[in-house]
file start.pdb (PDB, C-alpha atoms, pLDDT in the B column)
ATOM      1  CA  MET T  23     148.227 -33.694 112.407  1.00 79.00           C
ATOM      2  CA  GLU T  24     146.889 -34.231 108.907  1.00 77.00           C
ATOM      3  CA  PRO T  25     144.420 -33.269 107.595  1.00 82.00           C
ATOM      4  CA  THR T  26     144.337 -30.155 109.846  1.00 87.00           C
ATOM      5  CA  LEU T  27     148.038 -29.337 109.573  1.00 89.00           C
ATOM      6  CA  ARG T  28     150.691 -30.386 107.121  1.00 85.00           C
ATOM      7  CA  ASP T  29     154.420 -30.577 107.428  1.00 82.00           C
ATOM      8  CA  GLY T  30     155.845 -27.108 106.755  1.00 84.00           C
ATOM      9  CA  ASP T  31     152.719 -25.089 107.572  1.00 90.00           C
ATOM     10  CA  TRP T  32     153.465 -21.662 109.094  1.00 93.00           C
ATOM     11  CA  LEU T  33     151.134 -20.826 111.962  1.00 95.00           C
ATOM     12  CA  LEU T  34     150.315 -17.894 114.167  1.00 95.00           C
ATOM     13  CA  VAL T  35     150.016 -19.017 117.765  1.00 95.00           C
ATOM     14  CA  ASP T  36     148.081 -17.059 120.387  1.00 95.00           C
ATOM     15  CA  PRO T  37     150.089 -17.253 123.639  1.00 94.00           C
ATOM     16  CA  ALA T  38     147.244 -15.676 125.641  1.00 93.00           C
ATOM     17  CA  ALA T  39     144.552 -18.110 124.487  1.00 92.00           C
ATOM     18  CA  HIS T  40     144.560 -19.943 127.795  1.00 90.00           C
ATOM     19  CA  ALA T  41     145.113 -16.962 130.090  1.00 88.00           C
ATOM     20  CA  GLN T  42     141.445 -16.804 131.021  1.00 87.00           C
ATOM     21  CA  ARG T  43     140.407 -20.420 130.611  1.00 89.00           C
ATOM     22  CA  ALA T  44     142.046 -23.832 130.793  1.00 90.00           C
ATOM     23  CA  PRO T  45     142.609 -25.810 127.569  1.00 92.00           C
ATOM     24  CA  LYS T  46     139.547 -27.870 126.775  1.00 92.00           C
ATOM     25  CA  MET T  47     138.872 -30.982 124.749  1.00 93.00           C
ATOM     26  CA  GLY T  48     139.184 -30.292 121.024  1.00 93.00           C
ATOM     27  CA  ASP T  49     141.619 -27.366 121.366  1.00 94.00           C
ATOM     28  CA  LEU T  50     144.643 -27.321 119.120  1.00 95.00           C
ATOM     29  CA  VAL T  51     147.656 -26.506 121.302  1.00 95.00           C
ATOM     30  CA  VAL T  52     151.379 -25.889 121.066  1.00 95.00           C
ATOM     31  CA  ALA T  53     153.076 -27.250 124.169  1.00 94.00           C
ATOM     32  CA  ARG T  54     156.436 -28.223 125.519  1.00 92.00           C
ATOM     33  CA  ASP T  55     157.016 -31.943 125.130  1.00 88.00           C
ATOM     34  CA  PRO T  56     157.027 -33.301 128.712  1.00 85.00           C
ATOM     35  CA  ARG T  57     159.698 -35.829 127.660  1.00 82.00           C
ATOM     36  CA  ALA T  58     162.012 -33.149 126.236  1.00 82.00           C
ATOM     37  CA  PRO T  59     160.955 -29.613 127.291  1.00 84.00           C
ATOM     38  CA  GLU T  60     163.099 -27.843 124.684  1.00 86.00           C
ATOM     39  CA  ARG T  61     161.010 -29.558 121.980  1.00 88.00           C
ATOM     40  CA  LEU T  62     157.675 -28.053 120.978  1.00 92.00           C
ATOM     41  CA  ILE T  63     154.754 -30.200 119.902  1.00 91.00           C
ATOM     42  CA  VAL T  64     151.495 -29.314 118.201  1.00 93.00           C
ATOM     43  CA  LYS T  65     148.591 -31.564 119.102  1.00 92.00           C
ATOM     44  CA  ARG T  66     144.885 -31.632 119.815  1.00 93.00           C
ATOM     45  CA  VAL T  67     143.535 -31.983 123.358  1.00 93.00           C
ATOM     46  CA  ALA T  68     141.763 -35.347 123.323  1.00 90.00           C
ATOM     47  CA  GLY T  69     140.767 -35.315 126.976  1.00 90.00           C
ATOM     48  CA  VAL T  70     141.141 -33.484 130.263  1.00 92.00           C
ATOM     49  CA  ALA T  71     141.908 -35.698 133.266  1.00 90.00           C
ATOM     50  CA  ALA T  72     142.897 -35.081 136.873  1.00 90.00           C
ATOM     51  CA  ASP T  73     146.580 -35.748 136.134  1.00 89.00           C
ATOM     52  CA  GLY T  74     146.729 -33.549 133.040  1.00 91.00           C
ATOM     53  CA  LEU T  75     145.752 -33.197 129.400  1.00 92.00           C
ATOM     54  CA  ARG T  76     145.593 -36.095 126.985  1.00 90.00           C
ATOM     55  CA  LEU T  77     146.952 -35.126 123.586  1.00 89.00           C
ATOM     56  CA  ALA T  78     146.389 -36.790 120.239  1.00 86.00           C
ATOM     57  CA  GLY T  79     147.139 -36.206 116.593  1.00 85.00           C
ATOM     58  CA  ASP T  80     144.338 -35.787 114.070  1.00 84.00           C
ATOM     59  CA  HIS T  81     145.772 -38.448 111.785  1.00 79.00           C
ATOM     60  CA  PRO T  82     144.265 -41.851 112.658  1.00 72.00           C
ATOM     61  CA  ALA T  83     147.702 -43.488 112.349  1.00 68.00           C
ATOM     62  CA  HIS T  84     148.869 -41.412 115.323  1.00 64.00           C
ATOM     63  CA  ALA T  85     145.830 -41.998 117.497  1.00 58.00           C
ATOM     64  CA  ASP T  86     147.961 -43.486 120.279  1.00 57.00           C
ATOM     65  CA  ASP T  87     149.998 -40.341 120.826  1.00 66.00           C
ATOM     66  CA  ALA T  88     148.497 -39.855 124.303  1.00 67.00           C
ATOM     67  CA  GLY T  89     150.136 -43.096 125.394  1.00 71.00           C
ATOM     68  CA  LEU T  90     153.517 -42.008 124.055  1.00 74.00           C
ATOM     69  CA  ILE T  91     153.475 -38.482 125.407  1.00 80.00           C
ATOM     70  CA  GLY T  92     151.799 -39.212 128.734  1.00 80.00           C
ATOM     71  CA  PRO T  93     149.608 -36.766 130.660  1.00 88.00           C
ATOM     72  CA  LEU T  94     150.553 -33.158 129.971  1.00 90.00           C
ATOM     73  CA  ASP T  95     150.713 -30.579 132.741  1.00 92.00           C
ATOM     74  CA  PRO T  96     148.513 -27.689 131.449  1.00 92.00           C
ATOM     75  CA  THR T  97     151.277 -25.210 132.383  1.00 92.00           C
ATOM     76  CA  LEU T  98     153.363 -26.706 129.550  1.00 93.00           C
ATOM     77  CA  VAL T  99     150.858 -25.375 127.004  1.00 94.00           C
ATOM     78  CA  ILE T 100     152.338 -22.248 125.461  1.00 94.00           C
ATOM     79  CA  GLY T 101     149.618 -21.242 123.067  1.00 95.00           C
ATOM     80  CA  GLN T 102     146.883 -22.028 120.608  1.00 96.00           C
ATOM     81  CA  PRO T 103     147.484 -21.965 116.841  1.00 96.00           C
ATOM     82  CA  TRP T 104     144.722 -19.973 115.173  1.00 95.00           C
ATOM     83  CA  LEU T 105     145.894 -19.005 111.690  1.00 95.00           C
ATOM     84  CA  ARG T 106     147.895 -20.677 108.951  1.00 95.00           C
ATOM     85  CA  TYR T 107     149.639 -17.949 106.924  1.00 93.00           C
ATOM     86  CA  TRP T 108     151.741 -20.180 104.663  1.00 89.00           C
ATOM     87  CA  PRO T 109     151.437 -21.756 102.108  1.00 89.00           C
ATOM     88  CA  PRO T 110     149.298 -19.096 100.361  1.00 89.00           C
ATOM     89  CA  ARG T 111     146.870 -21.642  98.944  1.00 90.00           C
ATOM     90  CA  ARG T 112     145.955 -22.849 102.408  1.00 91.00           C
ATOM     91  CA  ILE T 113     145.829 -19.561 104.312  1.00 93.00           C
ATOM     92  CA  GLY T 114     143.049 -19.611 106.870  1.00 94.00           C
ATOM     93  CA  ARG T 115     141.962 -20.341 110.396  1.00 95.00           C
ATOM     94  CA  VAL T 116     142.986 -23.677 111.865  1.00 92.00           C
TER      95      VAL T 116
ATOM     96  CA  MET Q  23     162.211 -11.101  98.612  1.00 67.00           C
ATOM     97  CA  ASN Q  24     164.625 -12.805 100.986  1.00 80.00           C
ATOM     98  CA  TRP Q  25     164.177 -10.180 103.694  1.00 84.00           C
ATOM     99  CA  LEU Q  26     160.423 -10.652 103.455  1.00 81.00           C
ATOM    100  CA  VAL Q  27     160.684 -14.408 103.836  1.00 80.00           C
ATOM    101  CA  ARG Q  28     163.039 -13.932 106.785  1.00 82.00           C
ATOM    102  CA  ALA Q  29     160.630 -11.492 108.403  1.00 85.00           C
ATOM    103  CA  LEU Q  30     157.653 -13.782 107.949  1.00 85.00           C
ATOM    104  CA  ALA Q  31     159.359 -17.064 108.799  1.00 87.00           C
ATOM    105  CA  PRO Q  32     158.230 -18.716 112.020  1.00 87.00           C
ATOM    106  CA  ARG Q  33     160.321 -18.171 115.152  1.00 87.00           C
ATOM    107  CA  ALA Q  34     159.976 -21.732 116.394  1.00 89.00           C
ATOM    108  CA  THR Q  35     159.162 -25.172 115.059  1.00 88.00           C
ATOM    109  CA  ALA Q  36     156.539 -27.395 116.652  1.00 86.00           C
ATOM    110  CA  HIS Q  37     156.542 -31.107 115.903  1.00 83.00           C
ATOM    111  CA  ALA Q  38     153.391 -33.079 115.236  1.00 82.00           C
ATOM    112  CA  HIS Q  39     154.911 -36.535 115.118  1.00 71.00           C
ATOM    113  CA  CYS Q  40     155.892 -38.655 118.053  1.00 59.00           C
ATOM    114  CA  ASP Q  41     157.251 -41.572 116.139  1.00 56.00           C
ATOM    115  CA  ILE Q  42     160.936 -41.573 115.349  1.00 61.00           C
ATOM    116  CA  PRO Q  43     161.957 -43.219 112.084  1.00 69.00           C
ATOM    117  CA  CYS Q  44     164.504 -45.911 112.950  1.00 78.00           C
ATOM    118  CA  GLY Q  45     166.318 -45.353 109.637  1.00 85.00           C
ATOM    119  CA  VAL Q  46     166.733 -49.071 109.008  1.00 91.00           C
ATOM    120  CA  TYR Q  47     165.466 -50.173 105.592  1.00 94.00           C
ATOM    121  CA  ASP Q  48     165.977 -53.323 103.576  1.00 96.00           C
ATOM    122  CA  PRO Q  49     163.835 -54.752 100.739  1.00 97.00           C
ATOM    123  CA  GLN Q  50     164.650 -58.225 102.085  1.00 97.00           C
ATOM    124  CA  GLN Q  51     161.851 -57.706 104.587  1.00 97.00           C
ATOM    125  CA  ALA Q  52     159.385 -57.539 101.689  1.00 98.00           C
ATOM    126  CA  ARG Q  53     161.141 -60.376  99.887  1.00 98.00           C
ATOM    127  CA  ILE Q  54     160.828 -62.797 102.797  1.00 98.00           C
ATOM    128  CA  GLU Q  55     157.080 -62.176 102.930  1.00 98.00           C
ATOM    129  CA  ALA Q  56     156.817 -62.593  99.145  1.00 98.00           C
ATOM    130  CA  GLU Q  57     158.816 -65.843  99.309  1.00 98.00           C
ATOM    131  CA  SER Q  58     156.367 -67.055 101.957  1.00 98.00           C
ATOM    132  CA  CYS Q  59     153.517 -66.350  99.538  1.00 98.00           C
ATOM    133  CA  TYR Q  60     155.316 -68.272  96.799  1.00 98.00           C
ATOM    134  CA  ARG Q  61     155.939 -71.326  98.985  1.00 98.00           C
ATOM    135  CA  ILE Q  62     152.472 -71.316 100.516  1.00 98.00           C
ATOM    136  CA  ILE Q  63     150.870 -71.251  97.053  1.00 98.00           C
ATOM    137  CA  GLN Q  64     152.997 -74.298  96.157  1.00 98.00           C
ATOM    138  CA  LYS Q  65     151.942 -76.074  99.359  1.00 98.00           C
ATOM    139  CA  TYR Q  66     148.309 -75.233  98.609  1.00 98.00           C
ATOM    140  CA  HIS Q  67     148.503 -76.935  95.218  1.00 98.00           C
ATOM    141  CA  ASP Q  68     150.391 -79.942  96.622  1.00 98.00           C
ATOM    142  CA  SER Q  69     147.732 -80.672  99.228  1.00 97.00           C
ATOM    143  CA  THR Q  70     144.285 -82.234  99.025  1.00 96.00           C
ATOM    144  CA  ASP Q  71     143.424 -81.484 102.653  1.00 97.00           C
ATOM    145  CA  GLU Q  72     140.737 -78.806 102.481  1.00 95.00           C
ATOM    146  CA  LEU Q  73     141.444 -77.533 105.999  1.00 96.00           C
ATOM    147  CA  PHE Q  74     145.137 -77.195 105.243  1.00 97.00           C
ATOM    148  CA  ARG Q  75     144.350 -75.426 101.978  1.00 97.00           C
ATOM    149  CA  ALA Q  76     142.037 -72.990 103.759  1.00 96.00           C
ATOM    150  CA  ARG Q  77     144.834 -72.173 106.205  1.00 96.00           C
ATOM    151  CA  CYS Q  78     147.241 -71.698 103.331  1.00 97.00           C
ATOM    152  CA  ILE Q  79     144.928 -69.064 101.867  1.00 97.00           C
ATOM    153  CA  ASN Q  80     144.700 -67.265 105.216  1.00 97.00           C
ATOM    154  CA  VAL Q  81     148.428 -67.192 105.784  1.00 97.00           C
ATOM    155  CA  LYS Q  82     149.167 -66.226 102.182  1.00 98.00           C
ATOM    156  CA  GLU Q  83     146.775 -63.247 102.388  1.00 97.00           C
ATOM    157  CA  GLU Q  84     148.417 -62.130 105.626  1.00 97.00           C
ATOM    158  CA  ARG Q  85     151.930 -62.428 104.146  1.00 98.00           C
ATOM    159  CA  ALA Q  86     150.969 -60.586 100.948  1.00 98.00           C
ATOM    160  CA  GLU Q  87     149.621 -57.725 103.052  1.00 97.00           C
ATOM    161  CA  LEU Q  88     152.920 -57.616 104.967  1.00 97.00           C
ATOM    162  CA  ALA Q  89     154.883 -57.617 101.707  1.00 98.00           C
ATOM    163  CA  LYS Q  90     152.833 -54.639 100.555  1.00 97.00           C
ATOM    164  CA  HIS Q  91     153.500 -52.862 103.835  1.00 96.00           C
ATOM    165  CA  HIS Q  92     157.248 -53.350 103.534  1.00 96.00           C
ATOM    166  CA  ILE Q  93     157.210 -52.182  99.897  1.00 97.00           C
ATOM    167  CA  ASP Q  94     155.340 -49.051 101.025  1.00 94.00           C
ATOM    168  CA  VAL Q  95     157.921 -48.412 103.762  1.00 92.00           C
ATOM    169  CA  MET Q  96     160.715 -48.531 101.170  1.00 95.00           C
ATOM    170  CA  TRP Q  97     158.769 -46.299  98.826  1.00 94.00           C
ATOM    171  CA  HIS Q  98     157.540 -43.703 101.310  1.00 89.00           C
ATOM    172  CA  ASP Q  99     160.259 -43.703 103.940  1.00 88.00           C
ATOM    173  CA  TYR Q 100     163.540 -44.827 102.403  1.00 93.00           C
ATOM    174  CA  PHE Q 101     163.539 -43.360  98.891  1.00 94.00           C
ATOM    175  CA  LYS Q 102     164.138 -39.615  98.659  1.00 90.00           C
ATOM    176  CA  PRO Q 103     163.553 -37.212  95.730  1.00 87.00           C
ATOM    177  CA  GLU Q 104     167.283 -37.238  94.905  1.00 89.00           C
ATOM    178  CA  HIS Q 105     167.148 -41.013  94.378  1.00 94.00           C
ATOM    179  CA  LEU Q 106     164.787 -40.422  91.453  1.00 92.00           C
ATOM    180  CA  GLU Q 107     167.628 -39.001  89.370  1.00 92.00           C
ATOM    181  CA  LYS Q 108     169.608 -42.200  89.762  1.00 93.00           C
ATOM    182  CA  CYS Q 109     166.559 -44.453  89.428  1.00 95.00           C
ATOM    183  CA  PRO Q 110     163.971 -42.805  87.164  1.00 95.00           C
ATOM    184  CA  THR Q 111     161.693 -45.876  87.255  1.00 96.00           C
ATOM    185  CA  LEU Q 112     161.560 -45.839  91.067  1.00 95.00           C
ATOM    186  CA  HIS Q 113     157.928 -44.671  91.409  1.00 96.00           C
ATOM    187  CA  GLU Q 114     156.641 -46.947  88.689  1.00 97.00           C
ATOM    188  CA  THR Q 115     158.439 -49.987  90.120  1.00 98.00           C
ATOM    189  CA  CYS Q 116     157.255 -49.413  93.690  1.00 97.00           C
ATOM    190  CA  TRP Q 117     153.728 -48.769  92.454  1.00 97.00           C
ATOM    191  CA  LYS Q 118     153.724 -51.960  90.369  1.00 98.00           C
ATOM    192  CA  ALA Q 119     155.189 -53.958  93.267  1.00 98.00           C
ATOM    193  CA  ALA Q 120     152.518 -52.736  95.698  1.00 97.00           C
ATOM    194  CA  LYS Q 121     149.816 -53.560  93.142  1.00 98.00           C
ATOM    195  CA  GLN Q 122     151.381 -56.966  92.515  1.00 98.00           C
ATOM    196  CA  ALA Q 123     151.318 -57.692  96.266  1.00 98.00           C
ATOM    197  CA  SER Q 124     147.574 -56.961  96.205  1.00 98.00           C
ATOM    198  CA  LEU Q 125     147.200 -59.306  93.252  1.00 98.00           C
ATOM    199  CA  VAL Q 126     149.112 -62.083  95.052  1.00 98.00           C
ATOM    200  CA  LYS Q 127     146.834 -61.596  98.035  1.00 98.00           C
ATOM    201  CA  ARG Q 128     143.846 -62.713  95.959  1.00 97.00           C
ATOM    202  CA  SER Q 129     145.610 -65.131  93.581  1.00 97.00           C
ATOM    203  CA  LEU Q 130     146.737 -68.746  93.856  1.00 97.00           C
ATOM    204  CA  ASP Q 131     148.976 -68.533  90.806  1.00 98.00           C
ATOM    205  CA  VAL Q 132     152.623 -69.103  91.626  1.00 98.00           C
ATOM    206  CA  ALA Q 133     153.601 -67.094  88.522  1.00 98.00           C
ATOM    207  CA  GLU Q 134     152.046 -63.991  90.106  1.00 98.00           C
ATOM    208  CA  ALA Q 135     154.117 -64.593  93.260  1.00 98.00           C
ATOM    209  CA  GLN Q 136     157.215 -64.845  91.074  1.00 98.00           C
ATOM    210  CA  LYS Q 137     156.368 -61.500  89.437  1.00 98.00           C
ATOM    211  CA  LEU Q 138     156.171 -59.972  92.909  1.00 98.00           C
ATOM    212  CA  LEU Q 139     159.611 -61.373  93.777  1.00 98.00           C
ATOM    213  CA  ASP Q 140     161.043 -59.944  90.552  1.00 98.00           C
ATOM    214  CA  LEU Q 141     159.633 -56.481  91.301  1.00 98.00           C
ATOM    215  CA  ILE Q 142     160.974 -56.565  94.865  1.00 98.00           C
ATOM    216  CA  ASP Q 143     164.378 -57.505  93.427  1.00 98.00           C
ATOM    217  CA  LYS Q 144     164.211 -54.394  91.228  1.00 98.00           C
ATOM    218  CA  ILE Q 145     163.523 -52.307  94.359  1.00 98.00           C
ATOM    219  CA  ASP Q 146     166.459 -54.080  95.983  1.00 98.00           C
ATOM    220  CA  MET Q 147     168.725 -53.032  93.096  1.00 98.00           C
ATOM    221  CA  MET Q 148     167.613 -49.417  93.460  1.00 97.00           C
ATOM    222  CA  TRP Q 149     168.242 -49.614  97.205  1.00 97.00           C
ATOM    223  CA  ARG Q 150     171.774 -50.814  96.476  1.00 97.00           C
ATOM    224  CA  GLU Q 151     172.373 -48.241  93.743  1.00 97.00           C
ATOM    225  CA  THR Q 152     171.407 -45.445  96.139  1.00 96.00           C
ATOM    226  CA  GLY Q 153     173.790 -46.646  98.848  1.00 95.00           C
ATOM    227  CA  GLY Q 154     171.085 -48.266 100.963  1.00 94.00           C
ATOM    228  CA  PRO Q 155     173.111 -51.118 102.490  1.00 94.00           C
ATOM    229  CA  ALA Q 156     175.787 -48.830 103.964  1.00 92.00           C
ATOM    230  CA  ALA Q 157     173.378 -46.043 104.910  1.00 91.00           C
ATOM    231  CA  THR Q 158     170.587 -48.032 106.511  1.00 91.00           C
ATOM    232  CA  ARG Q 159     171.842 -51.394 107.733  1.00 91.00           C
ATOM    233  CA  MET Q 160     174.122 -52.259 110.619  1.00 87.00           C
ATOM    234  CA  GLN Q 161     176.950 -54.600 109.782  1.00 82.00           C
ATOM    235  CA  PRO Q 162     176.439 -58.123 111.165  1.00 80.00           C
ATOM    236  CA  MET Q 163     179.134 -59.789 113.182  1.00 80.00           C
ATOM    237  CA  GLN Q 164     181.553 -61.640 110.902  1.00 79.00           C
ATOM    238  CA  PRO Q 165     182.189 -65.314 111.629  1.00 78.00           C
ATOM    239  CA  MET Q 166     185.667 -65.731 113.085  1.00 77.00           C
ATOM    240  CA  ALA Q 167     188.241 -67.544 110.995  1.00 71.00           C
ATOM    241  CA  SER Q 168     189.278 -70.793 112.593  1.00 61.00           C
TER     242      SER Q 168
END
call {"tool": "encode", "arguments": {"input": "start.pdb", "output": "structure tokens"}}
result
Amino acid sequence: MEPTLRDGDWLLVDPAAHAQRAPKMGDLVVARDPRAPERLIVKRVAGVAADGLRLAGDHPAHADDAGLIGPLDPTLVIGQPWLRYWPPRRIGRV
Amino acid sequence: MNWLVRALAPRATAHAHCDIPCGVYDPQQARIEAESCYRIIQKYHDSTDELFRARCINVKEERAELAKHHIDVMWHDYFKPEHLEKCPTLHETCWKAAKQASLVKRSLDVAEAQKLLDLIDKIDMMWRETGGPAATRMQPMQPMAS
């Protein structure tokens, strides 16, 4: 997810972000990995299709993530990261 | 301070990467590509066929790029901070090797290809010194005694 997120970033995630509206293209989301539901993933919504969300990483080397993860049922989205609170130097909205 | 860190620490971890490192590393991958460069440069100089020589340049550039990739994989993925204690010249050697692969990509001097091989051999020694063969490679089947 670089440059937006780096390994080890601590984030606050809003679980109610999608209570009123469905995730839209460009949203950063934390979701259950459809291939292993106990695993959480943090990705950006790269597209919204009839069969689910397409997710992608921000790093160009991981641009094919949508193909690996497959379409994501929007009910698997558990929240939207909105603030990085660690490390101190990089505190801010994401 | 510990209680504060515990209180602030995240409750869950979310992963951003989908790729799974295979954990298999061997500098021989880089060496084979560098040997290809060496031999292709020789073939280039032995030939007078301009078409053949042009193809040699193409293939050599491709192989040098692959050598650089495999050096980078060793450097970024295999070597860990603790290996630095055992091999203090690790960063410098990998850096020089990657730069040398770039130089071989644009050179037709067999001596430059040899320098690349020598640097990859140094990486190979560091890989061995840090327990690379046992930790990262599967053991091949042994030929049966007759």
call {"tool": "resolve_selection", "arguments": {"input": "start.pdb", "expression": "the ChimeraX specification (/Q :<7) & /T", "output": "list of chain:residue names"}}
result
T:Met23, T:Trp32, T:Val52, T:Leu62, T:Ile63, T:Val64, T:Lys65, T:Asp87
call {"tool": "residues_around", "arguments": {"input": "start.pdb", "residues": "Arg112 (chain T)", "least_positions_apart": "3", "cutoff": "12 Å", "atoms": "only C-alpha atoms", "output": "short mmCIF file (atom, residue, chain, number, x, y, z; two decimals) with C-alpha atoms, in the frame of the given file"}}
result
data_model
loop_
_atom_site.label_atom_id
_atom_site.label_comp_id
_atom_site.auth_asym_id
_atom_site.auth_seq_id
_atom_site.Cartn_x
_atom_site.Cartn_y
_atom_site.Cartn_z
CA PRO T 25 144.42 -33.27 107.60
CA THR T 26 144.34 -30.16 109.85
CA LEU T 27 148.04 -29.34 109.57
CA ARG T 28 150.69 -30.39 107.12
CA GLY T 30 155.84 -27.11 106.76
CA ASP T 31 152.72 -25.09 107.57
CA TRP T 32 153.46 -21.66 109.09
CA LEU T 33 151.13 -20.83 111.96
CA LEU T 105 145.89 -19.00 111.69
CA ARG T 106 147.90 -20.68 108.95
CA TYR T 107 149.64 -17.95 106.92
CA TRP T 108 151.74 -20.18 104.66
CA PRO T 109 151.44 -21.76 102.11
CA ARG T 115 141.96 -20.34 110.40
CA VAL T 116 142.99 -23.68 111.86
#
call {"tool": "atom_distance", "arguments": {"input": "start.pdb", "atom1": "CA of Gly89 (chain T)", "atom2": "CA of Asp49 (chain T)"}}
result
18.3 Å
call {"tool": "resolve_selection", "arguments": {"input": "start.pdb", "expression": "the PyMOL selection byres ((chain T and resi 76) around 10)", "output": "list in words"}}
result
Met47, Lys65, Arg66, Val67, Ala68, Gly69, Val70, Ala71, Asp73, Gly74, Leu75, Leu77, Ala78, Asp87, Ala88, Gly89, Ile91, Gly92, Pro93, Leu94, Asp95 and Pro96 of chain T
call {"tool": "atom_distance", "arguments": {"input": "start.pdb", "atom1": "CA of Ser129 (chain Q)", "atom2": "CA of Leu112 (chain Q)"}}
result
25.2 Å
call {"tool": "residues_around", "arguments": {"input": "start.pdb", "residues": "Gln64 (chain Q)", "least_positions_apart": "4", "cutoff": "9 Å", "atoms": "only C-alpha atoms", "output": "NGL selection string"}}
result
:Q and (59-60 or 68-69 or 130-132)
call {"tool": "closest_residue", "arguments": {"input": "start.pdb", "among": "Q:Asp146, Q:Asp140, Q:Glu134, Q:Asp71", "to": "Pro49 (chain Q)", "atoms": "all atoms listed in the file"}}
result
Q:Asp146
call {"tool": "resolve_selection", "arguments": {"input": "start.pdb", "expression": "the PyMOL selection byres ((chain Q and resi 147) around 12)", "output": "VMD selection string"}}
result
chain Q and resid 48 to 50 108 to 109 111 to 112 115 140 to 146 148 to 155
call {"tool": "write_last_selection", "arguments": {"input": "start.pdb", "atoms": "C-alpha atoms", "output": "PDB file, in the frame of the given file"}}
result
ATOM      1  CA  ASP Q  48     165.977 -53.323 103.576  1.00 96.00           C
ATOM      2  CA  PRO Q  49     163.835 -54.752 100.739  1.00 97.00           C
ATOM      3  CA  GLN Q  50     164.650 -58.225 102.085  1.00 97.00           C
ATOM      4  CA  LYS Q 108     169.608 -42.200  89.762  1.00 93.00           C
ATOM      5  CA  CYS Q 109     166.559 -44.453  89.428  1.00 95.00           C
ATOM      6  CA  THR Q 111     161.693 -45.876  87.255  1.00 96.00           C
ATOM      7  CA  LEU Q 112     161.560 -45.839  91.067  1.00 95.00           C
ATOM      8  CA  THR Q 115     158.439 -49.987  90.120  1.00 98.00           C
ATOM      9  CA  ASP Q 140     161.043 -59.944  90.552  1.00 98.00           C
ATOM     10  CA  LEU Q 141     159.633 -56.481  91.301  1.00 98.00           C
ATOM     11  CA  ILE Q 142     160.974 -56.565  94.865  1.00 98.00           C
ATOM     12  CA  ASP Q 143     164.378 -57.505  93.427  1.00 98.00           C
ATOM     13  CA  LYS Q 144     164.211 -54.394  91.228  1.00 98.00           C
ATOM     14  CA  ILE Q 145     163.523 -52.307  94.359  1.00 98.00           C
ATOM     15  CA  ASP Q 146     166.459 -54.080  95.983  1.00 98.00           C
ATOM     16  CA  MET Q 148     167.613 -49.417  93.460  1.00 97.00           C
ATOM     17  CA  TRP Q 149     168.242 -49.614  97.205  1.00 97.00           C
ATOM     18  CA  ARG Q 150     171.774 -50.814  96.476  1.00 97.00           C
ATOM     19  CA  GLU Q 151     172.373 -48.241  93.743  1.00 97.00           C
ATOM     20  CA  THR Q 152     171.407 -45.445  96.139  1.00 96.00           C
ATOM     21  CA  GLY Q 153     173.790 -46.646  98.848  1.00 95.00           C
ATOM     22  CA  GLY Q 154     171.085 -48.266 100.963  1.00 94.00           C
ATOM     23  CA  PRO Q 155     173.111 -51.118 102.490  1.00 94.00           C
TER      24      PRO Q 155
END
call {"tool": "atom_distance", "arguments": {"input": "start.pdb", "atom1": "CA of Lys121 (chain Q)", "atom2": "CA of Glu57 (chain Q)"}}
result
16.4 Å
